[in-house]
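Engineer: Provided herewith is a single structure, encoded as structure tokens, for subsequent inquiry.
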Amino acid sequence: MSDEKIKRINELAKKSKTPEGLTDAEKEEQRQLRDEYRKSIVSNLSMQLENCVIEDADGNRRKVQKVK
């Protein structure tokens with residue numbers, strides 16, 4: 001996610017706390033930006049976990065696996 005979008009999320013958050021609040025269009029924009037931000041965080045974390053290796057006490061190494 002770009003820095004511009006993160007700045008826009010912060011702008012909307014600050015504006016929502018003011019007495020004037022957000023318009024309906026701005027609320028929808030805020031929702032879409034937050035969803036995109038959440039998806040990017042989950043994606044980055046998933047990629048990071050896919051590259052992790054666990055080493056047990058015996059020195060055996062294995063990749064982290066998704067729990068079913």
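Residues are named by chain letter and number: chains run A, B, ... in the order of the structure tokens, numbers start at 1 in each chain, and ligands are numbered from 1 in the order shown.
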From the DSSP assignment of the backbone, select every residue of chain A that is strand (DSSP E), and format the answer as a PyMOL selection string.

Structural biologist: chain A and resi 53-55+61-63

Engineer: Applying 9 Å and only C-alpha atoms, which residues near range 4-18 of chain A remain after dropping the ones on its own chain fewer than 6 positions away? List them as a ChimeraX atom specification.

Structural biologist: /A:26-27,29-30,33-34,37

Engineer: Limited to N, CA, C and O atoms, could you put the picked residues into a file as a PDB file, in the first residue's frame?

Structural biologist:
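File written: selection.pdb
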```
ATOM      1  N   GLU A  26     -17.058  10.030   1.809  1.00  0.00           N
ATOM      2  CA  GLU A  26     -15.793   9.888   2.535  1.00  0.00           C
ATOM      3  C   GLU A  26     -15.812   8.656   3.436  1.00  0.00           C
ATOM      4  O   GLU A  26     -14.799   7.973   3.584  1.00  0.00           O
ATOM      5  N   LYS A  27     -16.964   8.352   4.024  1.00  0.00           N
ATOM      6  CA  LYS A  27     -17.076   7.139   4.847  1.00  0.00           C
ATOM      7  C   LYS A  27     -16.837   5.895   3.997  1.00  0.00           C
ATOM      8  O   LYS A  27     -16.157   4.956   4.429  1.00  0.00           O
ATOM      9  N   GLU A  29     -15.118   5.788   1.156  1.00  0.00           N
ATOM     10  CA  GLU A  29     -13.699   5.807   0.792  1.00  0.00           C
ATOM     11  C   GLU A  29     -12.851   5.287   1.945  1.00  0.00           C
ATOM     12  O   GLU A  29     -11.935   4.481   1.755  1.00  0.00           O
ATOM     13  N   GLN A  30     -13.176   5.703   3.163  1.00  0.00           N
ATOM     14  CA  GLN A  30     -12.446   5.263   4.353  1.00  0.00           C
ATOM     15  C   GLN A  30     -12.572   3.751   4.528  1.00  0.00           C
ATOM     16  O   GLN A  30     -11.585   3.063   4.803  1.00  0.00           O
ATOM     17  N   LEU A  33     -10.421   2.009   1.838  1.00  0.00           N
ATOM     18  CA  LEU A  33      -8.997   2.133   2.131  1.00  0.00           C
ATOM     19  C   LEU A  33      -8.588   1.246   3.303  1.00  0.00           C
ATOM     20  O   LEU A  33      -7.525   0.609   3.274  1.00  0.00           O
ATOM     21  N   ARG A  34      -9.423   1.185   4.323  1.00  0.00           N
ATOM     22  CA  ARG A  34      -9.111   0.330   5.481  1.00  0.00           C
ATOM     23  C   ARG A  34      -9.114  -1.139   5.097  1.00  0.00           C
ATOM     24  O   ARG A  34      -8.264  -1.910   5.544  1.00  0.00           O
ATOM     25  N   TYR A  37      -5.956  -1.819   3.275  1.00  0.00           N
ATOM     26  CA  TYR A  37      -4.844  -1.832   4.225  1.00  0.00           C
ATOM     27  C   TYR A  37      -4.786  -3.167   4.972  1.00  0.00           C
ATOM     28  O   TYR A  37      -3.725  -3.772   5.099  1.00  0.00           O
TER      29      TYR A  37
END
```

Engineer: When you look at Ile54 in chain A with a cut-off of 8 Å (counting only C-alpha atoms), what residues show up, excluding the ones that are within fewer than 6 positions of it in the same chain? I need them as a list in words.

Structural biologist: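 Near Ile54 in chain A, the qualifying residues are Arg61, Arg62, Lys63 and Val64 of chain A.
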
Engineer: Keeping N, CA, C and O atoms, export the residues of the selection given above as a PDB file, in the first residue's frame.

Structural biologist:
```pdb
ATOM      1  N   ARG A  61      15.078 -28.994  11.150  1.00  0.00           N
ATOM      2  CA  ARG A  61      14.443 -27.761  10.674  1.00  0.00           C
ATOM      3  C   ARG A  61      13.275 -28.114   9.767  1.00  0.00           C
ATOM      4  O   ARG A  61      13.353 -29.034   8.967  1.00  0.00           O
ATOM      5  N   ARG A  62      12.164 -27.385   9.940  1.00  0.00           N
ATOM      6  CA  ARG A  62      11.003 -27.603   9.075  1.00  0.00           C
ATOM      7  C   ARG A  62      10.305 -26.273   8.855  1.00  0.00           C
ATOM      8  O   ARG A  62      10.365 -25.380   9.692  1.00  0.00           O
ATOM      9  N   LYS A  63       9.669 -26.179   7.705  1.00  0.00           N
ATOM     10  CA  LYS A  63       8.954 -24.955   7.367  1.00  0.00           C
ATOM     11  C   LYS A  63       7.648 -24.883   8.167  1.00  0.00           C
ATOM     12  O   LYS A  63       7.078 -25.903   8.550  1.00  0.00           O
ATOM     13  N   VAL A  64       7.195 -23.689   8.410  1.00  0.00           N
ATOM     14  CA  VAL A  64       5.933 -23.479   9.086  1.00  0.00           C
ATOM     15  C   VAL A  64       4.820 -23.917   8.136  1.00  0.00           C
ATOM     16  O   VAL A  64       4.841 -23.596   6.950  1.00  0.00           O
TER      17      VAL A  64
END
```

Engineer: Rounded to one decimal in Å, what is the spacing between CA of Met1 in chain A and CA of Leu22 in chain A?

Structural biologist: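 Interatomic distance, CA of Met1 in chain A to CA of Leu22 in chain A: 22.6 Å.
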
Engineer: Using only C-alpha atoms, which of A:Asp35, A:Ser2, A:Pro19, A:Gln65 sits nearest Leu49 in chain A?

Structural biologist: A:Gln65

Engineer: Would you please give, as an NGL selection string, all residues of chain A that DSSP assigns to alpha helix (DSSP H) based on the backbone?

Structural biologist: :A and (3-16 or 24-50)

Engineer: Output the selection as a PDB file, in the first residue's frame - C-alpha atoms for each residue.

Structural biologist:
```pdb
ATOM      1  CA  ASP A   3       2.250   6.136   1.529  1.00  0.00           C
ATOM      2  CA  GLU A   4      -0.315   8.403  -0.120  1.00  0.00           C
ATOM      3  CA  LYS A   5      -3.136   6.007   0.708  1.00  0.00           C
ATOM      4  CA  ILE A   6      -1.964   5.658   4.302  1.00  0.00           C
ATOM      5  CA  LYS A   7      -1.837   9.450   4.616  1.00  0.00           C
ATOM      6  CA  ARG A   8      -5.392   9.607   3.237  1.00  0.00           C
ATOM      7  CA  ILE A   9      -6.564   7.040   5.810  1.00  0.00           C
ATOM      8  CA  ASN A  10      -5.070   9.212   8.554  1.00  0.00           C
ATOM      9  CA  GLU A  11      -6.633  12.377   7.123  1.00  0.00           C
ATOM     10  CA  LEU A  12     -10.065  10.753   7.072  1.00  0.00           C
ATOM     11  CA  ALA A  13      -9.606   9.451  10.612  1.00  0.00           C
ATOM     12  CA  LYS A  14      -8.732  12.932  11.877  1.00  0.00           C
ATOM     13  CA  LYS A  15     -11.634  14.499   9.996  1.00  0.00           C
ATOM     14  CA  SER A  16     -14.076  11.938  11.399  1.00  0.00           C
ATOM     15  CA  ASP A  24     -21.184   9.470   3.088  1.00  0.00           C
ATOM     16  CA  ALA A  25     -18.731   9.383   0.166  1.00  0.00           C
ATOM     17  CA  GLU A  26     -15.793   9.888   2.535  1.00  0.00           C
ATOM     18  CA  LYS A  27     -17.076   7.139   4.847  1.00  0.00           C
ATOM     19  CA  GLU A  28     -17.189   4.740   1.901  1.00  0.00           C
ATOM     20  CA  GLU A  29     -13.699   5.807   0.792  1.00  0.00           C
ATOM     21  CA  GLN A  30     -12.446   5.263   4.353  1.00  0.00           C
ATOM     22  CA  ARG A  31     -13.998   1.786   4.474  1.00  0.00           C
ATOM     23  CA  GLN A  32     -12.422   0.811   1.140  1.00  0.00           C
ATOM     24  CA  LEU A  33      -8.997   2.133   2.131  1.00  0.00           C
ATOM     25  CA  ARG A  34      -9.111   0.330   5.481  1.00  0.00           C
ATOM     26  CA  ASP A  35     -10.098  -2.938   3.778  1.00  0.00           C
ATOM     27  CA  GLU A  36      -7.219  -2.571   1.333  1.00  0.00           C
ATOM     28  CA  TYR A  37      -4.844  -1.832   4.225  1.00  0.00           C
ATOM     29  CA  ARG A  38      -5.993  -4.906   6.158  1.00  0.00           C
ATOM     30  CA  LYS A  39      -5.559  -7.129   3.098  1.00  0.00           C
ATOM     31  CA  SER A  40      -2.030  -5.847   2.520  1.00  0.00           C
ATOM     32  CA  ILE A  41      -1.097  -6.491   6.170  1.00  0.00           C
ATOM     33  CA  VAL A  42      -2.467 -10.052   6.041  1.00  0.00           C
ATOM     34  CA  SER A  43      -0.701 -10.703   2.740  1.00  0.00           C
ATOM     35  CA  ASN A  44       2.634  -9.418   4.051  1.00  0.00           C
ATOM     36  CA  LEU A  45       2.334 -11.475   7.229  1.00  0.00           C
ATOM     37  CA  SER A  46       1.442 -14.607   5.253  1.00  0.00           C
ATOM     38  CA  MET A  47       4.486 -14.190   3.007  1.00  0.00           C
ATOM     39  CA  GLN A  48       6.687 -13.657   6.042  1.00  0.00           C
ATOM     40  CA  LEU A  49       5.384 -16.808   7.731  1.00  0.00           C
ATOM     41  CA  GLU A  50       5.886 -18.866   4.567  1.00  0.00           C
TER      42      GLU A  50
END
```
